[in-house]
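What follows is the content of model_28.cif, which has mmCIF, C-alpha atoms:
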```cif
data_query
loop_
_atom_site.label_atom_id
_atom_site.label_comp_id
_atom_site.auth_asym_id
_atom_site.auth_seq_id
_atom_site.Cartn_x
_atom_site.Cartn_y
_atom_site.Cartn_z
CA MET O 836 33.05 -19.53 -16.42
CA GLY O 837 36.16 -21.67 -16.80
CA GLN O 838 38.46 -18.65 -16.64
CA LEU O 839 36.79 -17.38 -13.48
CA LEU O 840 37.02 -20.75 -11.74
CA TYR O 841 40.55 -21.56 -12.88
CA PRO O 842 42.26 -20.27 -9.67
CA LEU O 843 39.87 -22.40 -7.58
CA GLU O 844 40.37 -25.36 -9.90
CA TYR O 845 44.12 -25.03 -9.44
CA ALA O 846 43.72 -24.84 -5.64
CA VAL O 847 41.41 -27.89 -5.60
CA ALA O 848 43.87 -29.91 -7.70
CA TRP O 849 46.77 -28.81 -5.47
CA ILE O 850 44.99 -29.90 -2.26
CA MET O 851 43.95 -33.23 -3.76
CA VAL O 852 47.46 -34.01 -5.04
CA ASN O 853 49.05 -33.16 -1.69
CA PHE O 854 46.61 -35.35 0.21
CA HIS O 855 47.21 -38.10 -2.34
CA SER O 856 50.97 -37.82 -1.74
CA LEU O 857 50.41 -37.92 2.03
CA LEU O 858 48.23 -41.01 1.81
CA THR O 859 50.62 -42.85 -0.50
CA GLY O 860 53.42 -41.92 1.86
CA ILE O 861 51.74 -43.84 4.69
CA GLY O 862 51.32 -46.95 2.54
CA LEU O 863 48.06 -46.61 0.56
CA PRO O 864 48.21 -47.67 -3.12
CA SER O 865 48.68 -44.74 -5.48
CA ALA O 866 46.21 -45.99 -8.10
CA SER O 867 43.52 -47.05 -5.61
CA GLY O 868 40.16 -45.36 -5.83
CA TRP O 869 40.03 -45.18 -2.02
CA THR O 870 43.23 -43.12 -1.99
CA TRP O 871 41.71 -40.57 -4.36
CA ALA O 872 38.38 -40.70 -2.50
CA LEU O 873 40.17 -39.91 0.77
CA SER O 874 41.94 -37.07 -1.03
CA ILE O 875 38.52 -35.60 -1.78
CA VAL O 876 37.57 -36.04 1.89
CA GLY O 877 40.77 -34.17 2.80
CA LEU O 878 39.69 -31.37 0.47
CA VAL O 879 36.41 -31.12 2.40
CA VAL O 880 38.25 -30.98 5.73
CA VAL O 881 40.49 -28.12 4.56
CA ILE O 882 37.59 -26.11 3.14
CA ARG O 883 35.41 -26.58 6.21
CA ILE O 884 38.19 -25.63 8.62
CA ILE O 885 38.64 -22.41 6.67
CA LEU O 886 34.89 -21.76 6.88
CA ILE O 887 34.53 -22.38 10.65
CA PRO O 888 34.35 -18.63 11.55
CA LEU O 889 31.67 -18.14 8.91
CA PHE O 890 29.81 -21.20 10.19
CA VAL O 891 29.69 -19.68 13.69
CA LYS O 892 28.30 -16.47 12.19
CA GLN O 893 25.75 -18.53 10.29
CA ILE O 894 24.56 -20.20 13.51
CA LYS O 895 24.28 -16.84 15.30
CA ALA O 896 22.49 -15.25 12.34
CA SER O 897 20.00 -18.11 12.05
CA ARG O 898 19.37 -17.98 15.80
CA GLY O 899 18.87 -14.21 15.65
CA LEU O 900 16.41 -14.51 12.78
CA GLN O 901 14.43 -17.06 14.77
CA LEU O 902 14.27 -14.88 17.88
CA ILE O 903 13.20 -11.67 16.12
CA GLN O 904 10.40 -13.31 14.15
CA PRO O 905 7.68 -12.08 16.58
CA GLU O 906 8.88 -8.50 16.09
CA MET O 907 9.06 -9.04 12.32
CA GLN O 908 5.45 -10.22 12.34
CA LYS O 909 4.41 -7.07 14.20
CA ILE O 910 6.06 -4.90 11.55
CA GLN O 911 4.43 -6.89 8.75
CA LYS O 912 1.00 -6.62 10.37
CA LYS O 913 1.52 -2.90 10.88
CA TYR O 914 2.02 -2.29 7.17
CA LYS O 915 -0.24 -5.05 5.87
CA GLY O 916 -2.28 -3.88 2.87
CA LYS O 917 -0.25 -0.67 2.47
CA THR O 918 1.33 -0.52 -0.97
CA ASP O 919 2.24 3.16 -1.22
CA PRO O 920 5.98 3.95 -1.52
CA GLU O 921 6.10 5.78 1.82
CA SER O 922 4.74 2.78 3.74
CA ARG O 923 7.04 0.34 1.95
CA GLN O 924 10.02 2.54 2.70
CA ALA O 925 9.00 2.91 6.35
CA MET O 926 8.58 -0.88 6.63
CA THR O 927 12.05 -1.40 5.15
CA GLN O 928 13.58 1.14 7.53
CA GLU O 929 11.95 -0.44 10.59
CA THR O 930 13.07 -3.89 9.46
CA MET O 931 16.66 -2.73 8.98
CA ALA O 932 16.55 -0.99 12.36
CA LEU O 933 15.38 -4.25 13.94
CA TYR O 934 18.26 -6.13 12.28
CA LYS O 935 20.72 -3.51 13.53
CA GLU O 936 19.30 -3.49 17.07
CA SER O 937 19.44 -7.28 17.36
CA GLY O 938 22.83 -7.55 15.62
CA THR O 939 21.39 -9.91 12.99
CA ASN O 940 22.48 -10.06 9.36
CA PRO O 941 20.28 -12.22 7.10
CA LEU O 942 23.10 -12.64 4.58
CA ALA O 943 25.39 -14.15 7.23
CA SER O 944 23.24 -17.28 7.35
CA CYS O 945 23.97 -17.91 3.66
CA LEU O 946 27.71 -17.14 3.59
CA PRO O 947 29.05 -20.71 4.10
CA ILE O 948 26.78 -22.06 1.36
CA LEU O 949 27.62 -19.24 -1.02
CA LEU O 950 31.35 -19.64 -0.49
CA GLN O 951 31.23 -23.42 -0.87
CA ALA O 952 29.39 -23.26 -4.18
CA PRO O 953 32.43 -22.11 -6.22
CA VAL O 954 34.56 -24.87 -4.65
CA PHE O 955 31.84 -27.39 -5.48
CA PHE O 956 31.79 -26.37 -9.16
CA ALA O 957 35.60 -26.19 -9.27
CA LEU O 958 35.80 -29.83 -8.10
CA PHE O 959 33.15 -30.72 -10.67
CA ARG O 960 35.29 -29.26 -13.45
CA VAL O 961 38.47 -30.92 -12.17
CA LEU O 962 36.83 -34.36 -12.23
CA ASN O 963 34.65 -33.89 -15.29
CA GLN O 964 37.18 -32.14 -17.52
CA TYR O 965 40.76 -32.68 -16.35
CA VAL O 966 40.56 -36.14 -14.75
CA ARG O 967 38.16 -37.65 -17.30
CA ASN O 968 40.22 -36.31 -20.26
CA SER O 969 43.61 -36.87 -18.53
CA GLN O 970 44.51 -33.18 -18.84
CA PRO O 971 47.04 -31.59 -16.48
CA ILE O 972 46.28 -28.66 -14.19
CA GLY O 973 48.88 -27.35 -11.78
CA PRO O 974 50.43 -30.20 -9.75
CA LEU O 975 47.89 -32.65 -11.20
CA THR O 976 49.93 -34.02 -14.09
CA ALA O 977 48.48 -35.93 -17.02
CA LYS O 978 49.80 -39.17 -15.50
CA LEU O 979 48.09 -38.52 -12.16
CA ALA O 980 44.89 -37.45 -13.94
CA ALA O 981 44.82 -40.72 -15.90
CA GLU O 982 45.53 -42.66 -12.71
CA ALA O 983 42.65 -40.93 -10.93
CA ASP O 984 40.34 -41.57 -13.89
CA ASN O 985 41.10 -45.28 -13.90
CA SER O 986 40.79 -45.69 -10.13
CA SER O 987 37.49 -47.00 -8.81
CA ILE O 988 35.56 -47.78 -5.62
CA PHE O 989 33.20 -50.76 -5.72
CA GLY O 990 33.69 -50.94 -9.48
CA ALA O 991 32.77 -47.27 -10.17
CA THR O 992 35.28 -44.60 -11.19
CA LEU O 993 35.20 -41.22 -9.42
CA SER O 994 34.54 -39.33 -12.68
CA SER O 995 31.52 -41.46 -13.65
CA THR O 996 27.95 -40.14 -13.55
CA PHE O 997 24.61 -41.89 -13.38
CA MET O 998 23.50 -40.54 -16.76
CA THR O 999 26.72 -41.42 -18.66
CA SER O 1000 27.46 -44.78 -17.01
CA GLY O 1001 25.67 -46.80 -19.68
CA SER O 1002 25.27 -50.40 -18.56
CA ASN O 1003 27.59 -50.08 -15.56
CA ILE O 1004 25.21 -51.03 -12.76
CA ASN O 1005 27.83 -50.34 -10.08
CA VAL O 1006 27.87 -46.62 -10.92
CA LYS O 1007 24.08 -46.42 -10.72
CA ILE O 1008 23.91 -48.24 -7.37
CA ILE O 1009 26.67 -46.13 -5.79
CA THR O 1010 25.08 -42.93 -7.12
CA VAL O 1011 21.70 -43.84 -5.65
CA VAL O 1012 23.26 -44.81 -2.30
CA LEU O 1013 25.21 -41.53 -2.13
CA ILE O 1014 22.09 -39.51 -2.97
CA ILE O 1015 20.09 -41.30 -0.24
CA LEU O 1016 22.85 -40.67 2.31
CA MET O 1017 23.09 -37.03 1.26
CA SER O 1018 19.34 -36.58 1.62
CA ALA O 1019 19.29 -38.34 5.02
CA SER O 1020 22.17 -36.22 6.38
CA THR O 1021 20.57 -32.99 5.17
CA PHE O 1022 17.19 -33.99 6.63
CA THR O 1023 18.81 -34.83 9.97
CA THR O 1024 20.71 -31.54 10.06
CA GLN O 1025 17.62 -29.44 9.33
CA ARG O 1026 15.43 -31.39 11.73
CA GLN O 1027 18.04 -31.10 14.47
CA LEU O 1028 18.07 -27.34 14.01
CA MET O 1029 14.28 -27.04 14.13
CA MET O 1030 13.43 -29.51 16.89
CA LYS O 1031 16.29 -28.88 19.33
CA ASN O 1032 17.56 -25.35 18.77
CA MET O 1033 14.39 -23.33 18.21
CA PRO O 1034 12.23 -22.00 21.06
CA ALA O 1035 8.53 -22.78 20.99
CA SER O 1036 7.69 -19.13 20.22
CA ALA O 1037 9.78 -19.28 17.03
CA LEU O 1038 8.18 -22.41 15.58
CA ASP O 1039 5.02 -20.68 14.37
CA ASN O 1040 6.35 -18.06 11.97
CA PRO O 1041 7.20 -17.78 8.25
CA PHE O 1042 10.89 -18.46 8.84
CA ALA O 1043 10.16 -21.74 10.63
CA LYS O 1044 7.72 -22.74 7.90
CA GLN O 1045 10.40 -22.02 5.31
CA GLN O 1046 12.87 -24.22 7.18
CA LYS O 1047 10.26 -26.97 7.41
CA LEU O 1048 9.67 -26.73 3.67
CA LEU O 1049 13.40 -27.08 2.99
CA LEU O 1050 13.35 -30.15 5.18
CA TYR O 1051 11.42 -32.00 2.48
CA VAL O 1052 12.41 -30.10 -0.67
CA LEU O 1053 16.19 -30.50 -0.46
CA PRO O 1054 16.12 -34.32 -0.71
CA LEU O 1055 14.14 -33.96 -3.92
CA VAL O 1056 16.68 -31.45 -5.26
CA PHE O 1057 19.48 -33.91 -4.51
CA ALA O 1058 17.62 -36.72 -6.25
CA VAL O 1059 17.05 -34.67 -9.41
CA SER O 1060 20.46 -32.99 -9.66
CA GLY O 1061 22.62 -35.77 -8.18
CA VAL O 1062 22.30 -38.03 -11.21
CA ASN O 1063 24.21 -35.46 -13.29
CA PHE O 1064 27.25 -35.14 -11.00
CA PRO O 1065 30.32 -37.41 -10.89
CA ILE O 1066 30.65 -39.80 -7.99
CA GLY O 1067 33.62 -37.81 -6.67
CA VAL O 1068 31.45 -34.69 -6.45
CA LEU O 1069 28.68 -36.63 -4.69
CA LEU O 1070 31.28 -37.92 -2.25
CA TYR O 1071 32.40 -34.33 -1.60
CA TRP O 1072 28.76 -33.32 -1.09
CA LEU O 1073 28.07 -36.17 1.33
CA THR O 1074 31.23 -35.47 3.35
CA THR O 1075 30.26 -31.80 3.58
CA ASN O 1076 26.78 -32.70 4.85
CA VAL O 1077 28.18 -35.08 7.48
CA TRP O 1078 30.66 -32.40 8.61
CA SER O 1079 27.84 -29.84 8.87
CA MET O 1080 25.68 -32.25 10.86
CA GLY O 1081 28.44 -33.01 13.37
CA GLN O 1082 29.51 -29.38 13.65
CA GLN O 1083 25.95 -28.21 14.21
CA PHE O 1084 25.39 -30.94 16.81
CA TYR O 1085 28.42 -29.68 18.74
CA VAL O 1086 27.33 -26.03 18.54
CA ILE O 1087 23.74 -26.80 19.59
CA ARG O 1088 24.95 -28.92 22.50
CA ARG O 1089 27.41 -26.29 23.78
CA MET O 1090 25.75 -23.01 22.72
CA PRO O 1091 21.98 -23.59 22.41
CA ALA O 1092 19.46 -20.89 21.56
CA PRO O 1093 17.74 -19.27 24.57
CA GLY O 1094 14.46 -20.97 25.44
CA SER O 1095 15.08 -23.98 23.20
CA PRO O 1096 14.90 -27.65 24.26
CA ALA O 1097 18.66 -27.84 23.75
CA GLU O 1098 19.16 -25.14 26.40
CA GLN O 1099 16.96 -27.06 28.86
CA ALA O 1100 19.01 -30.20 28.21
CA LEU O 1101 22.22 -28.23 28.80
CA LEU O 1102 20.93 -26.87 32.13
CA GLU O 1103 19.87 -30.36 33.18
CA ARG O 1104 23.35 -31.73 32.43
CA ARG O 1105 24.92 -28.96 34.48
CA ARG O 1106 22.56 -29.66 37.38
CA ARG O 1107 23.52 -33.32 37.38
CA LYS O 1108 27.17 -32.31 37.51
CA GLY O 1109 26.49 -29.88 40.37
CA LYS O 1110 27.56 -26.79 38.42
CA ILE O 1111 24.23 -25.01 39.03
CA PRO O 1112 21.64 -25.45 41.83
CA PRO O 1113 18.65 -27.74 41.23
CA ALA O 1114 15.59 -26.33 39.53
CA GLN O 1115 13.51 -26.38 42.72
CA ASP O 1116 16.13 -24.31 44.54
CA VAL O 1117 16.01 -21.66 41.86
CA VAL O 1118 12.20 -21.57 42.04
CA SER O 1119 12.24 -21.31 45.83
CA CYS O 1120 14.67 -18.40 45.64
CA GLU O 1121 12.36 -16.60 43.24
CA VAL O 1122 9.39 -17.16 45.57
CA THR O 1123 11.39 -15.85 48.52
CA ASP O 1124 12.31 -12.70 46.62
CA ALA O 1125 8.68 -12.14 45.70
CA ASP O 1126 7.59 -12.62 49.30
CA ALA O 1127 10.25 -10.20 50.45
CA ASP O 1128 8.98 -7.57 48.04
CA ALA O 1129 5.44 -8.10 49.31
CA ASP O 1130 6.54 -7.79 52.94
CA SER O 1131 8.46 -4.63 52.22
CA ALA O 1132 5.30 -3.05 50.81
CA SER O 1133 3.22 -4.10 53.85
CA PRO O 1134 2.51 -1.50 56.57
CA VAL O 1135 2.94 -4.07 59.34
CA ALA O 1136 5.99 -3.47 61.50
CA THR O 1137 8.76 -6.06 61.50
CA PRO O 1138 11.15 -6.97 64.31
CA SER O 1139 14.24 -4.83 64.62
CA SER O 1140 16.52 -7.79 63.81
CA GLU O 1141 14.78 -8.33 60.45
CA ARG O 1142 14.14 -4.65 59.65
CA PRO O 1143 16.34 -3.14 56.88
CA SER O 1144 18.61 -0.27 57.68
CA ALA O 1145 16.71 2.15 55.47
CA PRO O 1146 12.97 2.63 56.12
CA THR O 1147 10.69 1.36 53.40
CA SER O 1148 7.88 3.53 52.12
CA GLY O 1149 4.66 2.80 54.03
CA GLN O 1150 6.44 1.03 56.90
CA ARG O 1151 6.39 2.36 60.46
CA GLN O 1152 9.81 3.37 61.66
CA GLN O 1153 10.79 2.56 65.25
CA PRO O 1154 12.58 5.28 67.25
CA ARG O 1155 16.30 4.82 67.41
CA ARG O 1156 18.22 4.59 70.65
CA GLN O 1157 20.40 7.60 71.29
CA ASN O 1158 23.99 7.46 72.35
CA ARG O 1159 24.46 8.11 76.04
CA ASN O 1160 27.12 10.70 75.38
CA LYS O 1161 24.71 12.60 73.14
CA ARG O 1162 21.73 12.53 75.47
CA ALA O 1163 20.55 15.86 76.81
CA VAL O 1164 21.16 16.48 80.50
CA ARG O 1165 17.87 16.19 82.33
CA PRO O 1166 17.05 18.71 85.07
CA ALA O 1167 17.47 17.55 88.65
CA ALA O 1168 14.50 16.41 90.65
CA GLY O 1169 12.59 19.22 92.25
CA THR O 1170 13.64 21.80 89.71
CA ALA O 1171 11.20 23.35 87.33
CA SER O 1172 11.60 24.45 83.81
CA LYS O 1173 10.89 27.92 82.64
CA PRO O 1174 8.14 28.49 80.20
CA GLY O 1175 10.73 28.92 77.42
CA GLY O 1176 11.91 25.37 77.94
CA LYS O 1177 15.10 26.38 79.86
CA PRO O 1178 15.79 24.80 83.26
CA ALA O 1179 15.54 26.88 86.43
CA ALA O 1180 18.69 28.33 87.99
CA LYS O 1181 20.65 25.97 90.18
CA PRO O 1182 20.88 26.71 93.94
CA SER O 1183 23.94 28.77 94.89
CA GLY O 1184 25.00 26.70 97.93
CA LYS O 1185 23.77 29.25 100.45
CA PRO O 1186 21.09 28.12 102.94
CA ALA O 1187 17.59 28.47 101.80
CA ASN O 1188 16.72 30.34 105.06
CA PRO O 1189 18.94 33.42 105.44
CA GLY O 1190 18.33 33.53 109.11
CA SER O 1191 19.79 30.16 109.83
CA SER O 1192 23.19 30.09 111.53
CA THR O 1193 24.16 26.65 110.20
CA PRO O 1194 27.19 27.10 107.98
CA PRO O 1195 27.14 25.62 104.57
CA GLY O 1196 28.55 22.21 104.22
CA ARG O 1197 27.38 20.94 107.61
#
```
Once you've parsed the file, please lay out its structure as structure tokens.
Amino acid sequence: MGQLLYPLEYAVAWIMVNFHSLLTGIGLPSASGWTWALSIVGLVVVIRIILIPLFVKQIKASRGLQLIQPEMQKIQKKYKGKTDPESRQAMTQETMALYKESGTNPLASCLPILLQAPVFFALFRVLNQYVRNSQPIGPLTAKLAAEADNSSIFGATLSSTFMTSGSNINVKIITVVLIILMSASTFTTQRQLMMKNMPASALDNPFAKQQKLLLYVLPLVFAVSGVNFPIGVLLYWLTTNVWSMGQQFYVIRRMPAPGSPAEQALLERRRRKGKIPPAQDVVSCEVTDADADADSASPVATPSSERPSAPTSGQRQQPRRQNRNKRAVRPAAGTASKPGGKPAAKPSGKPANPGSSTPPGR
């Protein structure tokens, strides 16, 4: 275990020492516990900045899992009670096809936590082994390790634990306070995700029930396990939770899940700023479109100014006016048409009575 984590332990020690040098360079005391505590906070900032792309994938994956829960329930009901290998295989294939169609990867929602776990244990070993025993590792010399071990905040050293503090009441109080703050930040983060960024249709499914269970189980896990970790590790844990809470608040506010209360709040803010029309305008437009569709299906004729250019099925079409240049020449008055539809021959200009002596043209 130690050999596997040694590269991470070296990296953790390197980041802490560099932040310690930066803080002492701006005037903070080198041996102060607050200087080393802020170095741990700097470690959290570096790790979380590196994990921002994975955090975005985690938000999208969690949102996708919430939205496809109705389809997942349909698949589970379809194969409920079927235990034969063919049915189980078909259920797995349909589930994977649903994940692929929706672009959701269940493992993506766990990546930030899985990648932070090795860093968490590496920091635990740096504080519990190297700092407490004043052993060097990389840029953390034996002198700096001893200095960090002797530094304290509110009378408690960063490498102290609740279980090994003996009669030091300061360590116990700070440990309990850090555990309470960790539990409160985790509870707030989970509740914010469930109450603001989940549509109503996604609240009644196994995934939502699992999230609700974690809402109350995680604080108990922190209370049981936190008493065994050094104060520096609890500080790292608390800083990570606060970062996650703020980062999730920003993502939910700017990129809420469709149909969630956070999306409604975002639309309301945009309406107040005039970026989108008011809600009643949008509704009226939808009613107008529906009325237009109903009118187009009606057989009642509409005025020519309101009639569309193309005739609608079931609507009477008015005759179009012809161009004067294209109109057919009508026969002159007094002439008759032949039975075939052709006009009669025009008069030749000679007098109708051959016996008349009146010349033509007079």
I want to know what sits within 12 Å of Ile1066 in chain O, based on all atoms listed in the file, with residues of the same chain fewer than 2 positions away left out; could you give that as a CSV table (one decimal) with C-alpha atoms, keeping the file's coordinate frame?
```csv
chain,number,residue,atom,x,y,z
O,868,GLY,CA,40.2,-45.4,-5.8
O,871,TRP,CA,41.7,-40.6,-4.4
O,872,ALA,CA,38.4,-40.7,-2.5
O,875,ILE,CA,38.5,-35.6,-1.8
O,958,LEU,CA,35.8,-29.8,-8.1
O,959,PHE,CA,33.2,-30.7,-10.7
O,962,LEU,CA,36.8,-34.4,-12.2
O,963,ASN,CA,34.6,-33.9,-15.3
O,984,ASP,CA,40.3,-41.6,-13.9
O,986,SER,CA,40.8,-45.7,-10.1
O,987,SER,CA,37.5,-47.0,-8.8
O,988,ILE,CA,35.6,-47.8,-5.6
O,989,PHE,CA,33.2,-50.8,-5.7
O,990,GLY,CA,33.7,-50.9,-9.5
O,991,ALA,CA,32.8,-47.3,-10.2
O,992,THR,CA,35.3,-44.6,-11.2
O,993,LEU,CA,35.2,-41.2,-9.4
O,994,SER,CA,34.5,-39.3,-12.7
O,995,SER,CA,31.5,-41.5,-13.6
O,996,THR,CA,28.0,-40.1,-13.6
O,997,PHE,CA,24.6,-41.9,-13.4
O,998,MET,CA,23.5,-40.5,-16.8
O,999,THR,CA,26.7,-41.4,-18.7
O,1000,SER,CA,27.5,-44.8,-17.0
O,1005,ASN,CA,27.8,-50.3,-10.1
O,1006,VAL,CA,27.9,-46.6,-10.9
O,1007,LYS,CA,24.1,-46.4,-10.7
O,1008,ILE,CA,23.9,-48.2,-7.4
O,1009,ILE,CA,26.7,-46.1,-5.8
O,1010,THR,CA,25.1,-42.9,-7.1
O,1011,VAL,CA,21.7,-43.8,-5.6
O,1012,VAL,CA,23.3,-44.8,-2.3
O,1013,LEU,CA,25.2,-41.5,-2.1
O,1014,ILE,CA,22.1,-39.5,-3.0
O,1061,GLY,CA,22.6,-35.8,-8.2
O,1062,VAL,CA,22.3,-38.0,-11.2
O,1063,ASN,CA,24.2,-35.5,-13.3
O,1064,PHE,CA,27.2,-35.1,-11.0
O,1068,VAL,CA,31.4,-34.7,-6.4
O,1069,LEU,CA,28.7,-36.6,-4.7
O,1070,LEU,CA,31.3,-37.9,-2.2
O,1071,TYR,CA,32.4,-34.3,-1.6
O,1072,TRP,CA,28.8,-33.3,-1.1
O,1073,LEU,CA,28.1,-36.2,1.3
```
(request) Extract, using only C-alpha atoms, all DNA, RNA and protein residues at most 12 Å from Leu942 in chain O, discarding same-chain residues fewer than 4 positions from it, and format them as a list of chain:residue names. (result)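 Near neighbours after the sequence-gap exclusion: O:Leu889, O:Lys892, O:Gln893, O:Ile894, O:Lys895, O:Ala896, O:Ser897, O:Gly899, O:Leu900, O:Tyr934, O:Leu946, O:Pro947, O:Ile948, O:Leu949, O:Leu950.
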Residues from the last selection, C-alpha atoms, saved as a short mmCIF file (atom, residue, chain, number, x, y, z; two decimals), keeping the file's coordinate frame:
```cif
data_model
loop_
_atom_site.label_atom_id
_atom_site.label_comp_id
_atom_site.auth_asym_id
_atom_site.auth_seq_id
_atom_site.Cartn_x
_atom_site.Cartn_y
_atom_site.Cartn_z
CA LEU O 889 31.67 -18.14 8.91
CA LYS O 892 28.30 -16.47 12.19
CA GLN O 893 25.75 -18.53 10.29
CA ILE O 894 24.56 -20.20 13.51
CA LYS O 895 24.28 -16.84 15.30
CA ALA O 896 22.49 -15.25 12.34
CA SER O 897 20.00 -18.11 12.05
CA GLY O 899 18.87 -14.21 15.65
CA LEU O 900 16.41 -14.51 12.78
CA TYR O 934 18.26 -6.13 12.28
CA LEU O 946 27.71 -17.14 3.59
CA PRO O 947 29.05 -20.71 4.10
CA ILE O 948 26.78 -22.06 1.36
CA LEU O 949 27.62 -19.24 -1.02
CA LEU O 950 31.35 -19.64 -0.49
#
```
(request) Identify, on the basis of only C-alpha atoms, every residue whose closest approach to Tyr841 in chain O does not exceed 10 Å; exclude the query and any residue fewer than 3 positions from it along the same chain; express the result as a ChimeraX atom specification. (result) /O:836-838,844-847,957,960-961,972
Any chance you can output those residues with C-alpha atoms as an mmCIF file, in the frame of the given file?
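result37.cif written:
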```
data_model
loop_
_atom_site.group_PDB
_atom_site.id
_atom_site.type_symbol
_atom_site.label_atom_id
_atom_site.label_comp_id
_atom_site.auth_asym_id
_atom_site.auth_seq_id
_atom_site.Cartn_x
_atom_site.Cartn_y
_atom_site.Cartn_z
ATOM 1 C CA MET O 836 33.050 -19.530 -16.420
ATOM 2 C CA GLY O 837 36.160 -21.670 -16.800
ATOM 3 C CA GLN O 838 38.460 -18.650 -16.640
ATOM 4 C CA GLU O 844 40.370 -25.360 -9.900
ATOM 5 C CA TYR O 845 44.120 -25.030 -9.440
ATOM 6 C CA ALA O 846 43.720 -24.840 -5.640
ATOM 7 C CA VAL O 847 41.410 -27.890 -5.600
ATOM 8 C CA ALA O 957 35.600 -26.190 -9.270
ATOM 9 C CA ARG O 960 35.290 -29.260 -13.450
ATOM 10 C CA VAL O 961 38.470 -30.920 -12.170
ATOM 11 C CA ILE O 972 46.280 -28.660 -14.190
#
```
(request) Kindly provide, as a list of chain:residue names, the polymer residues lying within 10 Å of (25.2, -32.4, 13.2), counting all atoms listed in the file and using the coordinates exactly as they appear in the file. (result) O:Ser1020, O:Thr1021, O:Thr1023, O:Thr1024, O:Gln1025, O:Arg1026, O:Gln1027, O:Leu1028, O:Asn1076, O:Val1077, O:Trp1078, O:Ser1079, O:Met1080, O:Gly1081, O:Gln1082, O:Gln1083, O:Phe1084, O:Tyr1085, O:Val1086, O:Ile1087, O:Arg1088
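Environment of (47.7, -30.8, -3.3): residues at most 12 Å away, judged by all atoms listed in the file, are Glu844, Tyr845, Ala846, Val847, Ala848, Trp849, Ile850, Met851, Val852, Asn853, Phe854, His855, Ser856, Leu857, Leu858, Trp871, Ser874, Ile875, Gly877, Leu878, Val881, Ile972, Gly973, Pro974, Leu975, Thr976 and Leu979 of chain O.
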First collect every listed atom of range 1003-1014 of chain O; then fit an axis-aligned box around them, widen it by 5 Å on each side, and give centre and edge lengths in Å to one decimal, as AutoDock Vina command-line options.
```
--center_x 24.8 --center_y -45.3 --center_z -8.8 --size_x 16.2 --size_y 21.5 --size_z 23.4
```
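One finds CA of Val876 in chain O at 28.4 Å from CA of Lys1031 in chain O.
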(request) Tell me, in Å to one decimal, how far CA of Gln928 in chain O is from CA of Lys915 in chain O. (result) 15.2 Å
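Nearest to Val954 in chain O of all the residues O:Val879, O:Ile1015, O:Met907, O:Ala983 is O:Val879, based on all atoms listed in the file.
The space between CA of Leu933 in chain O and CA of Ile903 in chain O spans 8.0 Å.
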